[in-house]
$ cat model-v4.txt   # compact mmCIF, C-alpha atoms and all ligand atoms
# COMPACT_ATOMS: atom_id res chain seq x y z
CA MET E 1 -40.41 49.09 -167.41
CA PHE E 2 -40.86 47.00 -170.53
CA LEU E 3 -44.15 45.46 -171.55
CA GLU E 4 -43.10 41.90 -170.72
CA GLU E 5 -41.91 42.83 -167.24
CA ARG E 6 -45.06 44.89 -166.56
CA ARG E 7 -47.30 41.97 -167.53
CA THR E 8 -45.32 39.62 -165.31
CA ASN E 9 -45.63 42.07 -162.43
CA ILE E 10 -49.37 42.33 -162.96
CA LEU E 11 -49.58 38.55 -162.78
CA ILE E 12 -47.48 38.50 -159.61
CA MET E 13 -49.75 41.16 -158.05
CA LEU E 14 -52.75 39.04 -158.95
CA ILE E 15 -51.16 35.98 -157.39
CA GLN E 16 -50.56 37.99 -154.22
CA GLN E 17 -53.81 39.98 -154.08
CA GLN E 18 -56.23 37.87 -156.19
CA ARG E 19 -57.68 41.12 -157.69
CA VAL E 20 -56.35 44.28 -159.40
CA THR E 21 -57.94 47.46 -160.78
CA VAL E 22 -57.07 49.30 -163.98
CA ASN E 23 -56.85 52.62 -162.12
CA ASN E 24 -54.37 51.37 -159.54
CA LEU E 25 -52.23 49.56 -162.08
CA ALA E 26 -52.09 52.62 -164.36
CA LYS E 27 -50.90 54.77 -161.42
CA LEU E 28 -48.44 52.16 -160.20
CA PHE E 29 -46.77 51.58 -163.56
CA ALA E 30 -47.19 55.21 -164.73
CA VAL E 31 -48.86 54.21 -167.99
CA SER E 32 -52.27 54.95 -169.50
CA LYS E 33 -55.38 53.00 -168.53
CA GLU E 34 -55.55 51.90 -172.17
CA THR E 35 -52.13 50.25 -171.84
CA ILE E 36 -53.23 48.39 -168.72
CA ARG E 37 -56.46 47.28 -170.43
CA SER E 38 -54.42 45.84 -173.28
CA ASP E 39 -52.13 44.05 -170.76
CA LEU E 40 -55.16 42.54 -169.02
CA ASN E 41 -56.70 41.53 -172.35
CA PHE E 42 -53.43 39.79 -173.24
CA LEU E 43 -53.33 37.93 -169.91
CA GLU E 44 -56.98 36.98 -170.27
CA LYS E 45 -56.31 35.26 -173.60
CA ASN E 46 -54.77 32.20 -171.93
CA LYS E 47 -57.50 32.32 -169.27
CA SER E 48 -55.07 32.83 -166.37
CA ILE E 49 -57.15 35.84 -165.36
CA THR E 50 -60.72 36.98 -165.89
CA ARG E 51 -61.57 40.59 -166.70
CA CYS E 52 -64.17 42.10 -164.42
CA HIS E 53 -65.60 45.58 -164.03
CA GLY E 54 -62.66 48.01 -163.68
CA GLY E 55 -59.97 45.35 -163.41
CA ALA E 56 -59.32 41.61 -163.26
CA VAL E 57 -59.35 38.62 -160.92
CA LEU E 58 -57.03 35.64 -160.84
CA ASN E 59 -58.18 32.33 -162.26
CA LYS E 60 -56.07 30.18 -159.95
CA LYS E 61 -56.74 26.72 -161.34
CA GLN E 62 -56.24 27.77 -164.94
CA LEU E 63 -53.07 29.68 -164.12
CA LEU E 64 -51.58 26.55 -162.58
CA THR E 65 -52.59 24.41 -165.57
CA ASN E 66 -51.18 26.97 -168.01
CA PHE E 67 -47.90 27.08 -166.14
CA GLN E 68 -47.64 23.29 -165.99
CA ASN E 69 -48.36 23.07 -169.71
CA GLY E 70 -45.79 25.75 -170.56
CA MET E 71 -48.49 28.05 -171.94
CA LEU E 72 -47.47 31.30 -170.25
CA THR E 73 -45.37 32.58 -173.12
CA ASN E 74 -44.19 36.16 -173.61
CA ILE E 75 -43.83 36.69 -169.89
CA ASN E 76 -40.43 37.36 -168.40
CA GLU E 77 -38.99 33.92 -167.70
CA SER E 78 -37.13 34.44 -164.44
CA LEU E 79 -39.84 36.55 -162.82
CA LYS E 80 -42.46 34.11 -163.95
CA LYS E 81 -40.49 31.18 -162.58
CA LYS E 82 -39.96 32.85 -159.20
CA SER E 83 -43.55 33.87 -158.65
CA MET E 84 -44.94 30.61 -159.96
CA GLU E 85 -42.65 28.50 -157.79
CA LYS E 86 -43.81 30.44 -154.73
CA TYR E 87 -47.42 30.17 -155.82
CA MET E 88 -47.15 26.49 -156.57
CA SER E 89 -45.37 25.57 -153.35
CA GLU E 90 -48.15 27.31 -151.42
CA ASN E 91 -50.66 25.32 -153.41
CA LYS E 92 -49.03 21.92 -153.08
CA LYS E 93 -51.62 19.52 -151.82
CA GLY E 94 -50.23 16.42 -150.14
CA LYS E 95 -47.76 16.34 -147.29
CA VAL E 96 -44.87 13.88 -147.46
CA CYS E 97 -42.47 13.41 -144.56
CA ILE E 98 -39.18 11.79 -145.56
CA LEU E 99 -36.67 10.54 -143.05
CA GLY E 100 -33.51 9.58 -144.88
CA SER E 101 -29.89 9.97 -145.84
CA PHE E 102 -27.80 12.70 -147.35
CA ASN E 103 -24.62 11.51 -149.07
CA VAL E 104 -21.89 13.13 -151.08
CA ASP E 105 -21.77 11.15 -154.33
CA ILE E 106 -18.34 10.64 -155.91
CA VAL E 107 -19.22 9.65 -159.44
CA SER E 108 -16.80 8.16 -161.93
CA HIS E 109 -17.93 7.76 -165.54
CA VAL E 110 -16.45 4.69 -167.22
CA ALA E 111 -16.88 3.20 -170.70
CA ARG E 112 -18.19 0.03 -169.02
CA LEU E 113 -18.37 -1.24 -165.43
CA PRO E 114 -15.07 -2.79 -164.22
CA LYS E 115 -14.82 -6.55 -163.59
CA PRO E 116 -13.51 -7.78 -160.18
CA GLY E 117 -9.74 -7.22 -160.05
CA GLU E 118 -9.74 -4.95 -163.09
CA THR E 119 -8.49 -1.36 -163.23
CA LEU E 120 -10.13 0.97 -165.72
CA ILE E 121 -9.39 4.55 -166.67
CA SER E 122 -12.42 6.71 -165.94
CA LYS E 123 -13.55 9.38 -168.39
CA SER E 124 -14.53 11.90 -165.71
CA CYS E 125 -15.08 12.12 -162.00
CA SER E 126 -17.31 14.53 -160.12
CA PHE E 127 -18.78 15.25 -156.70
CA GLY E 128 -22.51 15.78 -156.34
CA PRO E 129 -25.32 15.68 -153.78
CA GLY E 130 -27.00 12.34 -153.21
CA GLY E 131 -28.32 9.91 -150.63
CA LYS E 132 -31.57 8.07 -151.16
CA GLY E 133 -33.45 10.23 -148.66
CA ALA E 134 -32.31 13.54 -150.16
CA ASN E 135 -32.92 12.37 -153.73
CA GLN E 136 -36.41 11.17 -152.86
CA ALA E 137 -37.15 14.45 -151.07
CA VAL E 138 -36.17 16.45 -154.18
CA ALA E 139 -38.26 14.12 -156.36
CA ALA E 140 -41.35 14.39 -154.13
CA SER E 141 -41.01 18.18 -154.03
CA ASN E 142 -40.66 18.48 -157.82
CA ALA E 143 -43.68 16.20 -158.03
CA MET E 144 -45.65 18.89 -156.22
CA SER E 145 -45.99 17.70 -152.66
CA GLN E 146 -45.10 19.59 -149.49
CA VAL E 147 -42.04 17.80 -148.19
CA HIS E 148 -40.50 17.83 -144.75
CA PHE E 149 -37.09 16.18 -144.99
CA ILE E 150 -35.23 14.93 -141.91
CA THR E 151 -31.57 14.02 -142.24
CA LYS E 152 -28.20 14.05 -140.49
CA VAL E 153 -24.78 15.13 -141.75
CA GLY E 154 -21.28 15.30 -140.28
CA ASN E 155 -19.49 18.22 -138.66
CA ASP E 156 -17.19 18.49 -141.67
CA GLN E 157 -16.61 20.43 -144.90
CA PHE E 158 -19.43 18.53 -146.61
CA ASN E 159 -22.27 19.76 -144.41
CA SER E 160 -22.30 23.19 -146.09
CA PHE E 161 -22.56 21.31 -149.38
CA ALA E 162 -25.64 19.54 -147.98
CA TYR E 163 -27.19 22.80 -146.77
CA GLU E 164 -26.56 24.53 -150.10
CA HIS E 165 -28.10 21.70 -152.08
CA LEU E 166 -31.14 21.16 -149.86
CA GLU E 167 -31.88 24.84 -149.30
CA SER E 168 -31.73 25.64 -153.00
CA SER E 169 -34.10 22.76 -153.83
CA ASN E 170 -37.91 22.95 -153.81
CA ILE E 171 -38.14 21.09 -150.49
CA ASN E 172 -40.54 22.98 -148.21
CA ALA E 173 -39.04 22.21 -144.80
CA LEU E 174 -35.81 20.72 -143.53
CA THR E 175 -34.60 19.28 -140.25
CA ILE E 176 -30.85 18.74 -140.53
CA TYR E 177 -28.99 17.31 -137.55
CA ILE E 178 -25.21 17.38 -137.24
CA SER E 179 -23.19 14.49 -135.86
CA ASP E 180 -20.11 15.30 -133.79
CA SER E 181 -18.67 11.83 -134.20
CA GLU E 182 -19.29 10.67 -137.79
CA PRO E 183 -18.58 12.33 -141.15
CA THR E 184 -21.23 13.16 -143.78
CA GLY E 185 -22.27 9.97 -145.59
CA ASN E 186 -20.78 9.29 -149.00
CA ALA E 187 -21.23 7.02 -151.97
CA VAL E 188 -18.66 5.90 -154.53
CA ILE E 189 -20.47 5.36 -157.80
CA TYR E 190 -19.41 4.02 -161.18
CA VAL E 191 -21.68 4.88 -164.10
CA SER E 192 -21.23 3.01 -167.38
CA ASP E 193 -21.45 4.98 -170.64
CA ASP E 194 -22.54 1.73 -172.27
CA ASP E 195 -26.05 1.65 -170.84
CA GLY E 196 -26.20 4.18 -167.98
CA GLU E 197 -26.06 1.30 -165.42
CA ASN E 198 -24.22 1.79 -162.13
CA ILE E 199 -22.58 0.12 -159.15
CA ILE E 200 -22.51 1.86 -155.78
CA ALA E 201 -20.80 1.46 -152.40
CA ILE E 202 -22.00 3.73 -149.63
CA ASN E 203 -20.49 4.75 -146.34
CA GLN E 204 -23.39 5.71 -144.07
CA GLY E 205 -21.39 8.00 -141.75
CA ALA E 206 -23.63 10.45 -139.88
CA ASN E 207 -26.76 8.90 -141.38
CA ILE E 208 -26.65 6.05 -138.87
CA THR E 209 -26.28 8.26 -135.82
CA LEU E 210 -29.86 9.55 -135.63
CA THR E 211 -30.84 9.43 -131.95
CA ASP E 212 -34.23 8.69 -130.41
CA GLU E 213 -34.35 12.24 -129.12
CA GLU E 214 -33.79 13.64 -132.61
CA VAL E 215 -36.66 11.56 -133.98
CA ILE E 216 -38.91 12.56 -131.06
CA ASN E 217 -38.24 16.23 -131.97
CA VAL E 218 -39.93 15.73 -135.34
CA TYR E 219 -42.91 13.72 -134.03
CA ASP E 220 -45.38 16.45 -135.05
CA ARG E 221 -44.01 16.54 -138.59
CA ILE E 222 -44.35 12.77 -138.94
CA VAL E 223 -47.91 12.45 -137.67
CA ASP E 224 -49.06 15.56 -139.56
CA ALA E 225 -48.07 14.10 -142.97
CA ASN E 226 -50.26 12.14 -145.39
CA VAL E 227 -47.35 9.84 -146.22
CA LEU E 228 -44.10 8.85 -144.50
CA LEU E 229 -41.37 7.63 -146.86
CA VAL E 230 -38.24 5.89 -145.52
CA GLN E 231 -35.30 3.90 -146.89
CA LEU E 232 -32.53 1.86 -145.23
CA GLU E 233 -29.52 4.20 -145.16
CA ASN E 234 -30.19 5.30 -141.55
CA ASN E 235 -30.07 3.32 -138.30
CA ILE E 236 -32.96 0.87 -138.04
CA SER E 237 -33.96 2.04 -134.53
CA ALA E 238 -34.62 5.60 -135.75
CA ILE E 239 -36.46 4.44 -138.85
CA ARG E 240 -38.58 2.09 -136.77
CA LYS E 241 -39.59 4.84 -134.34
CA ALA E 242 -40.74 7.13 -137.14
CA MET E 243 -42.61 4.30 -138.86
CA SER E 244 -44.40 3.14 -135.73
CA TRP E 245 -45.68 6.67 -134.97
CA ALA E 246 -46.85 7.13 -138.54
CA HIS E 247 -48.54 3.73 -138.44
CA ASP E 248 -50.31 4.53 -135.14
CA ASN E 249 -51.57 7.83 -136.56
CA ASN E 250 -52.93 6.55 -139.87
CA VAL E 251 -50.14 8.13 -141.89
CA ARG E 252 -49.46 5.89 -144.90
CA VAL E 253 -46.02 4.31 -144.61
CA ILE E 254 -43.90 3.57 -147.69
CA LEU E 255 -40.70 1.60 -147.18
CA ASN E 256 -38.13 1.61 -149.97
CA PRO E 257 -35.96 -1.28 -148.67
CA ALA E 258 -32.72 0.04 -150.18
CA PRO E 259 -29.95 -0.83 -149.74
CA PHE E 260 -31.06 -4.26 -148.52
CA THR E 261 -30.26 -5.40 -145.00
CA SER E 262 -31.77 -8.41 -143.23
CA GLU E 263 -32.62 -6.07 -140.34
CA VAL E 264 -35.51 -4.82 -142.50
CA LYS E 265 -37.74 -7.59 -141.10
CA VAL E 266 -38.38 -5.69 -137.84
CA LEU E 267 -39.84 -2.83 -139.88
CA LEU E 268 -42.35 -4.86 -141.87
CA PRO E 269 -45.22 -4.69 -139.33
CA TYR E 270 -45.43 -0.92 -139.86
CA VAL E 271 -45.34 -0.91 -143.68
CA ASP E 272 -48.34 -0.16 -145.90
CA ILE E 273 -46.48 -0.16 -149.21
CA ILE E 274 -43.06 -1.69 -149.87
CA THR E 275 -41.07 -0.83 -153.01
CA PRO E 276 -38.09 -3.16 -153.54
CA ASN E 277 -36.17 -3.25 -156.84
CA GLN E 278 -35.35 -6.59 -158.45
CA THR E 279 -32.29 -7.27 -156.24
CA GLU E 280 -33.97 -6.22 -152.98
CA ALA E 281 -37.09 -8.27 -153.79
CA SER E 282 -34.90 -11.35 -154.37
CA LEU E 283 -32.95 -10.84 -151.14
CA LEU E 284 -36.09 -10.18 -149.09
CA SER E 285 -37.96 -13.24 -150.34
CA GLY E 286 -35.04 -15.63 -150.84
CA ILE E 287 -36.18 -16.32 -154.40
CA GLU E 288 -34.48 -14.77 -157.38
CA VAL E 289 -36.58 -12.49 -159.56
CA VAL E 290 -35.71 -13.40 -163.13
CA ASP E 291 -38.95 -12.84 -165.02
CA LEU E 292 -42.57 -11.85 -164.54
CA VAL E 293 -43.59 -15.27 -163.18
CA SER E 294 -40.93 -15.24 -160.46
CA ALA E 295 -41.67 -11.54 -159.74
CA ARG E 296 -45.32 -12.42 -159.05
CA LYS E 297 -44.33 -15.26 -156.75
CA VAL E 298 -41.88 -13.02 -154.89
CA ALA E 299 -44.47 -10.24 -154.54
CA GLU E 300 -46.87 -12.72 -152.91
CA ILE E 301 -44.18 -13.90 -150.48
CA ILE E 302 -43.33 -10.31 -149.51
CA SER E 303 -46.99 -9.44 -149.10
CA ALA E 304 -47.40 -12.40 -146.73
CA MET E 305 -44.69 -10.77 -144.56
CA GLY E 306 -47.03 -7.84 -143.77
CA PRO E 307 -47.22 -5.03 -146.37
CA GLU E 308 -50.68 -4.81 -147.93
CA CYS E 309 -49.20 -3.51 -151.15
CA VAL E 310 -45.99 -4.58 -152.93
CA ILE E 311 -44.39 -2.72 -155.82
CA ILE E 312 -41.36 -4.38 -157.43
CA THR E 313 -39.50 -1.99 -159.75
CA LEU E 314 -37.78 -3.73 -162.65
CA GLY E 315 -35.64 -0.99 -164.22
CA SER E 316 -36.15 -0.63 -167.97
CA LYS E 317 -38.83 -3.33 -167.81
CA GLY E 318 -41.11 -1.17 -165.62
CA GLY E 319 -42.56 -2.84 -162.57
CA LEU E 320 -45.14 -5.04 -160.93
CA LEU E 321 -47.85 -4.01 -158.48
CA LEU E 322 -49.60 -6.38 -156.07
CA GLU E 323 -52.49 -4.65 -154.35
CA LYS E 324 -55.19 -6.46 -152.37
CA GLY E 325 -54.34 -9.76 -154.05
CA ALA E 326 -54.53 -8.35 -157.59
CA PHE E 327 -51.55 -7.92 -159.91
CA SER E 328 -51.04 -5.13 -162.41
CA ASP E 329 -48.09 -4.23 -164.59
CA ILE E 330 -46.48 -0.85 -164.12
CA PRO E 331 -45.72 0.53 -167.59
CA VAL E 332 -42.33 1.77 -168.69
CA TYR E 333 -42.07 5.06 -170.53
CA PRO E 334 -39.50 5.20 -173.33
CA ALA E 335 -36.40 7.14 -172.29
CA LEU E 336 -33.08 8.25 -173.77
CA VAL E 337 -31.00 6.83 -170.92
CA VAL E 338 -28.04 8.87 -169.67
CA ASP E 339 -27.67 7.80 -166.03
CA THR E 340 -29.91 5.36 -164.15
CA THR E 341 -28.47 6.26 -160.72
CA GLY E 342 -31.39 7.39 -158.57
CA ALA E 343 -34.09 5.91 -160.85
CA GLY E 344 -35.54 4.15 -157.81
CA ASP E 345 -35.37 7.39 -155.81
CA ALA E 346 -37.21 9.25 -158.56
CA PHE E 347 -39.87 6.54 -158.60
CA ASN E 348 -40.31 6.50 -154.82
CA GLY E 349 -40.39 10.28 -154.36
CA ALA E 350 -42.86 10.79 -157.20
CA PHE E 351 -45.00 7.85 -156.05
CA ALA E 352 -45.20 9.22 -152.49
CA ALA E 353 -46.12 12.68 -153.81
CA ALA E 354 -48.90 11.33 -156.02
CA LEU E 355 -50.23 9.18 -153.19
CA SER E 356 -50.18 12.09 -150.73
CA ARG E 357 -52.45 14.14 -152.94
CA GLY E 358 -54.98 11.34 -153.14
CA ASP E 359 -54.08 9.43 -156.31
CA ALA E 360 -55.04 5.74 -156.36
CA ILE E 361 -52.00 3.43 -156.06
CA LYS E 362 -52.17 2.35 -159.71
CA ASN E 363 -52.30 5.96 -160.95
CA ALA E 364 -49.51 6.95 -158.58
CA CYS E 365 -47.38 4.12 -160.08
CA ASN E 366 -48.04 5.41 -163.58
CA TYR E 367 -47.05 8.95 -162.58
CA ALA E 368 -43.90 7.61 -160.87
CA ALA E 369 -42.98 5.57 -163.96
CA ALA E 370 -43.24 8.65 -166.18
CA PHE E 371 -41.32 10.72 -163.62
CA SER E 372 -38.47 8.19 -163.33
CA SER E 373 -38.24 7.74 -167.12
CA LEU E 374 -37.36 11.45 -167.26
CA ALA E 375 -34.95 11.13 -164.33
CA VAL E 376 -32.82 8.51 -166.15
CA GLU E 377 -32.36 11.05 -168.95
CA LEU E 378 -30.55 13.36 -166.50
CA ASN E 379 -27.02 13.06 -165.14
CA GLY E 380 -26.60 12.67 -161.36
CA ALA E 381 -28.76 10.89 -158.81
CA SER E 382 -30.27 14.05 -157.35
CA ASN E 383 -31.20 15.62 -160.66
CA MET E 384 -34.99 15.27 -160.91
CA PRO E 385 -37.46 16.35 -163.58
CA ARG E 386 -40.24 18.86 -163.05
CA ASN E 387 -43.92 18.13 -162.80
CA GLU E 388 -44.78 19.90 -166.05
CA SER E 389 -42.40 17.67 -168.07
CA VAL E 390 -43.89 14.60 -166.39
CA ASN E 391 -47.42 15.61 -167.34
CA GLU E 392 -46.23 16.27 -170.86
CA ARG E 393 -44.66 12.79 -171.07
CA ILE E 394 -47.85 11.16 -169.77
CA ARG E 395 -49.86 13.07 -172.39
CA THR E 396 -47.60 12.35 -175.34
CA ALA E 397 -45.58 9.16 -174.80
CA ASN E 398 -46.63 5.62 -175.49
CA PRO E 399 -45.69 3.51 -172.45
CA SER E 400 -45.17 -0.23 -172.84
CA LYS E 401 -45.90 -3.07 -170.40
CA ILE E 402 -43.61 -5.95 -169.42
P1 LIG Q 501 -31.26 2.83 -158.55
O1 LIG Q 501 -30.80 1.87 -157.49
O2 LIG Q 501 -30.32 2.92 -159.72
O3 LIG Q 501 -31.65 4.14 -158.01
P2 LIG Q 501 -33.46 1.02 -158.68
O4 LIG Q 501 -32.77 -0.27 -159.01
O5 LIG Q 501 -33.90 1.22 -157.29
O6 LIG Q 501 -32.60 2.25 -159.19
P3 LIG Q 501 -35.09 0.55 -160.96
O7 LIG Q 501 -35.96 -0.63 -160.74
O8 LIG Q 501 -33.86 0.35 -161.78
O9 LIG Q 501 -34.75 1.20 -159.57
O10 LIG Q 501 -35.93 1.72 -161.64
C1 LIG Q 501 -37.03 2.35 -160.99
C2 LIG Q 501 -38.01 2.80 -162.04
O11 LIG Q 501 -37.37 3.76 -162.90
C3 LIG Q 501 -38.49 1.70 -162.99
O12 LIG Q 501 -39.56 0.97 -162.44
C4 LIG Q 501 -38.88 2.51 -164.21
O13 LIG Q 501 -40.17 3.08 -164.01
C5 LIG Q 501 -37.85 3.64 -164.23
N1 LIG Q 501 -36.72 3.30 -165.10
C6 LIG Q 501 -35.55 2.72 -164.76
N2 LIG Q 501 -34.76 2.52 -165.85
C7 LIG Q 501 -35.46 2.98 -166.91
C8 LIG Q 501 -35.23 3.05 -168.32
N3 LIG Q 501 -34.10 2.58 -168.86
N4 LIG Q 501 -36.20 3.58 -169.10
C9 LIG Q 501 -37.35 4.05 -168.59
N5 LIG Q 501 -37.64 4.01 -167.26
C10 LIG Q 501 -36.72 3.48 -166.44
O1 LIG Q 502 -30.08 5.72 -155.20
C1 LIG Q 502 -28.94 6.47 -155.51
C2 LIG Q 502 -28.28 6.93 -154.26
O2 LIG Q 502 -27.84 5.79 -153.55
C3 LIG Q 502 -27.03 7.76 -154.48
O3 LIG Q 502 -27.30 9.15 -154.49
C4 LIG Q 502 -26.12 7.34 -153.36
O4 LIG Q 502 -25.80 8.35 -152.47
C5 LIG Q 502 -26.81 6.17 -152.67
O5 LIG Q 502 -27.41 6.56 -151.51

$ encode --input "model-v4.txt" --output "structure tokens"
Amino acid sequence: MFLEERRTNILIMLIQQQRVTVNNLAKLFAVSKETIRSDLNFLEKNKSITRCHGGAVLNKKQLLTNFQNGMLTNINESLKKKSMEKYMSENKKGKVCILGSFNVDIVSHVARLPKPGETLISKSCSFGPGGKGANQAVAASNAMSQVHFITKVGNDQFNSFAYEHLESSNINALTIYISDSEPTGNAVIYVSDDDGENIIAINQGANITLTDEEVINVYDRIVDANVLLVQLENNISAIRKAMSWAHDNNVRVILNPAPFTSEVKVLLPYVDIITPNQTEASLLSGIEVVDLVSARKVAEIISAMGPECVIITLGSKGGLLLEKGAFSDIPVYPALVVDTTGAGDAFNGAFAAALSRGDAIKNACNYAAAFSSLAVELNGASNMPRNESVNERIRTANPSKI
């Protein structure tokens, strides 16, 4: 076994056992005690472990910080990744329950978005995983919360695609129902090379066939979470049930009212935090959001409908927060935009994760803004950044306000 692999294995053993001894390690790896001492001295340099008499103990907090900051160099990459992912998922703090959609996204890249009646030649077309619920679940997981994701797909060739995607993600727990009557949901998406903007038409398919019984089956998961996050791609009756239980059990409820439907009004009594984008805020309030002044007015109108906190996301302009009658701007982090599809999902998933681990709303918005600025640099709605890159962006970038 090479030095790098041995050191990684020592770290993995420490993660599993908290403590190791020089004697045991020397026997296990069939090397001299001197070799093991030099391995432990190396690992101690970045403070991930602390040497103690005859061996070493794990310095959990520091190990996590080092990993997030990319400081565990010279350790076998894939082994490190595997053990750290396991370690980190066990150490995720907040619990987020997400009830939402899974869609197959059919994405066509065009030079610019077509006008009504116009036919354009697309540059490329691909299939990928999507759906606001699934994207937000991946985002919240990458943002280091324990996620339970509840969704429904069709009894068709696309459900294995859903399973593959969701099972290979960082999501901790899944409840996937299968509809016998409706196909897996899908979305036809055009992404413009011009500015990364998009237009989307979704077919909800199986997503709108969630039954009361299926929601009752996950009651424990809903009331056990710190935060419930929902969107509007499922049937309103199912969403309402989940929200009302969360509300009755002091689980914080975030509603991302996307895509907009006027049926949303019946959900408002159960909402703590609502997160419309510019279009949804305009449709919900009946007043068009065109600038900061109108955004403030609209936020007040929406707040008067029930939610104690309103967050209006404004794309590349950042966002606006209205919390307990006070406004604050949500900064925008500079990004090299590739594809803005799923920017709102990135924001919502990351925001829910930050909130679930106890961040104040304003701080959670800042984290979500940094997270989503990285998401728009990636192709595909479900492609989400990792927590360590987000922390790096917060440390190094200079965000601007509206
Ligand atoms: P979508 O429907 O495409 O998923 P959305 O309309 O719901 O997105 P937006 O308001 O466009 O959501 O964006 C959500 C957040 O993502 C913004 O508040 C901002 O923090 C971030 N974001 C979006 N576009 C950019 C950009 N060009 N540069 C940096 N951050 C961005
Ligand atoms: O927000 C982006 C998502 O909206 C896409 O993945 C698409 O499936 C639609 O649900």

$ atom_distance --input "model-v4.txt" --atom1 "atom CA of Pro307 of chain E" --atom2 "atom CA of Asn103 of chain E"
28.1 Å

$ residues_around --input "model-v4.txt" --residues "Ser400 of chain E" --least-positions-apart "2" --cutoff "7 Å" --atoms "all atoms listed in the file" --output "tab-separated table (two decimals) with C-alpha atoms, keeping the file's coordinate frame"
chain	number	residue	atom	x	y	z
E	331	PRO	CA	-45.72	0.53	-167.59
E	332	VAL	CA	-42.33	1.77	-168.69
E	333	TYR	CA	-42.07	5.06	-170.53
E	398	ASN	CA	-46.63	5.62	-175.49
E	402	ILE	CA	-43.61	-5.95	-169.42

$ residues_near_ligand --input "model-v4.txt" --ligand "ligand LIG 501 (chain Q)" --cutoff "8 Å" --atoms "all atoms listed in the file" --output "compact mmCIF listing (two decimals) with C-alpha atoms, in the frame of the given file"
# COMPACT_ATOMS: atom_id res chain seq x y z
CA LYS E 132 -31.57 8.07 -151.16
CA GLU E 197 -26.06 1.30 -165.42
CA ASN E 198 -24.22 1.79 -162.13
CA ALA E 258 -32.72 0.04 -150.18
CA PRO E 276 -38.09 -3.16 -153.54
CA ASN E 277 -36.17 -3.25 -156.84
CA GLN E 278 -35.35 -6.59 -158.45
CA THR E 279 -32.29 -7.27 -156.24
CA ILE E 312 -41.36 -4.38 -157.43
CA THR E 313 -39.50 -1.99 -159.75
CA LEU E 314 -37.78 -3.73 -162.65
CA GLY E 315 -35.64 -0.99 -164.22
CA SER E 316 -36.15 -0.63 -167.97
CA LYS E 317 -38.83 -3.33 -167.81
CA GLY E 318 -41.11 -1.17 -165.62
CA GLY E 319 -42.56 -2.84 -162.57
CA ILE E 330 -46.48 -0.85 -164.12
CA PRO E 331 -45.72 0.53 -167.59
CA VAL E 332 -42.33 1.77 -168.69
CA TYR E 333 -42.07 5.06 -170.53
CA PRO E 334 -39.50 5.20 -173.33
CA ALA E 335 -36.40 7.14 -172.29
CA LEU E 336 -33.08 8.25 -173.77
CA VAL E 337 -31.00 6.83 -170.92
CA THR E 340 -29.91 5.36 -164.15
CA THR E 341 -28.47 6.26 -160.72
CA GLY E 342 -31.39 7.39 -158.57
CA ALA E 343 -34.09 5.91 -160.85
CA GLY E 344 -35.54 4.15 -157.81
CA ASP E 345 -35.37 7.39 -155.81
CA ALA E 346 -37.21 9.25 -158.56
CA PHE E 347 -39.87 6.54 -158.60
CA ALA E 368 -43.90 7.61 -160.87
CA ALA E 369 -42.98 5.57 -163.96
CA ALA E 370 -43.24 8.65 -166.18
CA PHE E 371 -41.32 10.72 -163.62
CA SER E 372 -38.47 8.19 -163.33
CA SER E 373 -38.24 7.74 -167.12
CA LEU E 374 -37.36 11.45 -167.26
CA ALA E 375 -34.95 11.13 -164.33
CA VAL E 376 -32.82 8.51 -166.15
CA ALA E 381 -28.76 10.89 -158.81

$ residues_around --input "model-v4.txt" --residues "Ile176 of chain E" --least-positions-apart "4" --cutoff "6 Å" --atoms "only C-alpha atoms" --output "ChimeraX atom specification"
/E:150-152

$ closest_residue --input "model-v4.txt" --among "E:Phe327, E:Ala225, E:Val31, E:Gly380" --to "Cys125 of chain E" --atoms "all atoms listed in the file"
E:Gly380

$ closest_residue --input "model-v4.txt" --among "E:Tyr367, E:Phe102, E:Tyr219, E:Phe149" --to "ligand LIG 502 (chain Q)" --atoms "all atoms listed in the file"
E:Phe102

$ closest_residue --input "model-v4.txt" --among "E:Gly54, E:Gly117, E:Gly154, E:Gly133" --to "ligand LIG 502 (chain Q)" --atoms "all atoms listed in the file"
E:Gly133

$ axis_aligned_box --input "model-v4.txt" --around "segment 251-255 of chain E" --padding-each-side "8 Å" --output "AutoDock Vina command-line options"
--center_x -45.4 --center_y 4.9 --center_z -144.8 --size_x 25.4 --size_y 22.5 --size_z 21.8

$ closest_residue --input "model-v4.txt" --among "E:Ile202, E:Val266, E:Ala354, E:Cys365" --to "ligand LIG 502 (chain Q)" --atoms "only C-alpha atoms and all ligand atoms"
E:Ile202

$ residues_around --input "model-v4.txt" --residues "Ala352 of chain E" --least-positions-apart "2" --cutoff "8 Å" --atoms "all atoms listed in the file" --output "number ranges by chain"
E: 96, 140, 227, 229, 254, 348-350, 354-356, 364

$ atom_distance --input "model-v4.txt" --atom1 "atom CA of Asn9 of chain E" --atom2 "atom CA of His165 of chain E"
28.8 Å

$ closest_residue --input "model-v4.txt" --among "E:Asp193, E:Arg37, E:Asp105, E:Ser389" --to "ligand LIG 502 (chain Q)" --atoms "only C-alpha atoms and all ligand atoms"
E:Asp105

$ residues_around --input "model-v4.txt" --residues "Val289 of chain E" --least-positions-apart "6" --cutoff "9 Å" --atoms "all atoms listed in the file" --output "list in words"
Gln278, Thr279, Ala281, Ser282, Ala295, Arg296, Lys297 and Val298 of chain E

$ residues_near_point --input "model-v4.txt" --point "(-37.9, 21.3, -144.9)" --cutoff "12 Å" --atoms "only C-alpha atoms" --output "ChimeraX atom specification"
/E:95-99,134,137-138,141,145-151,163,166-176,218,221
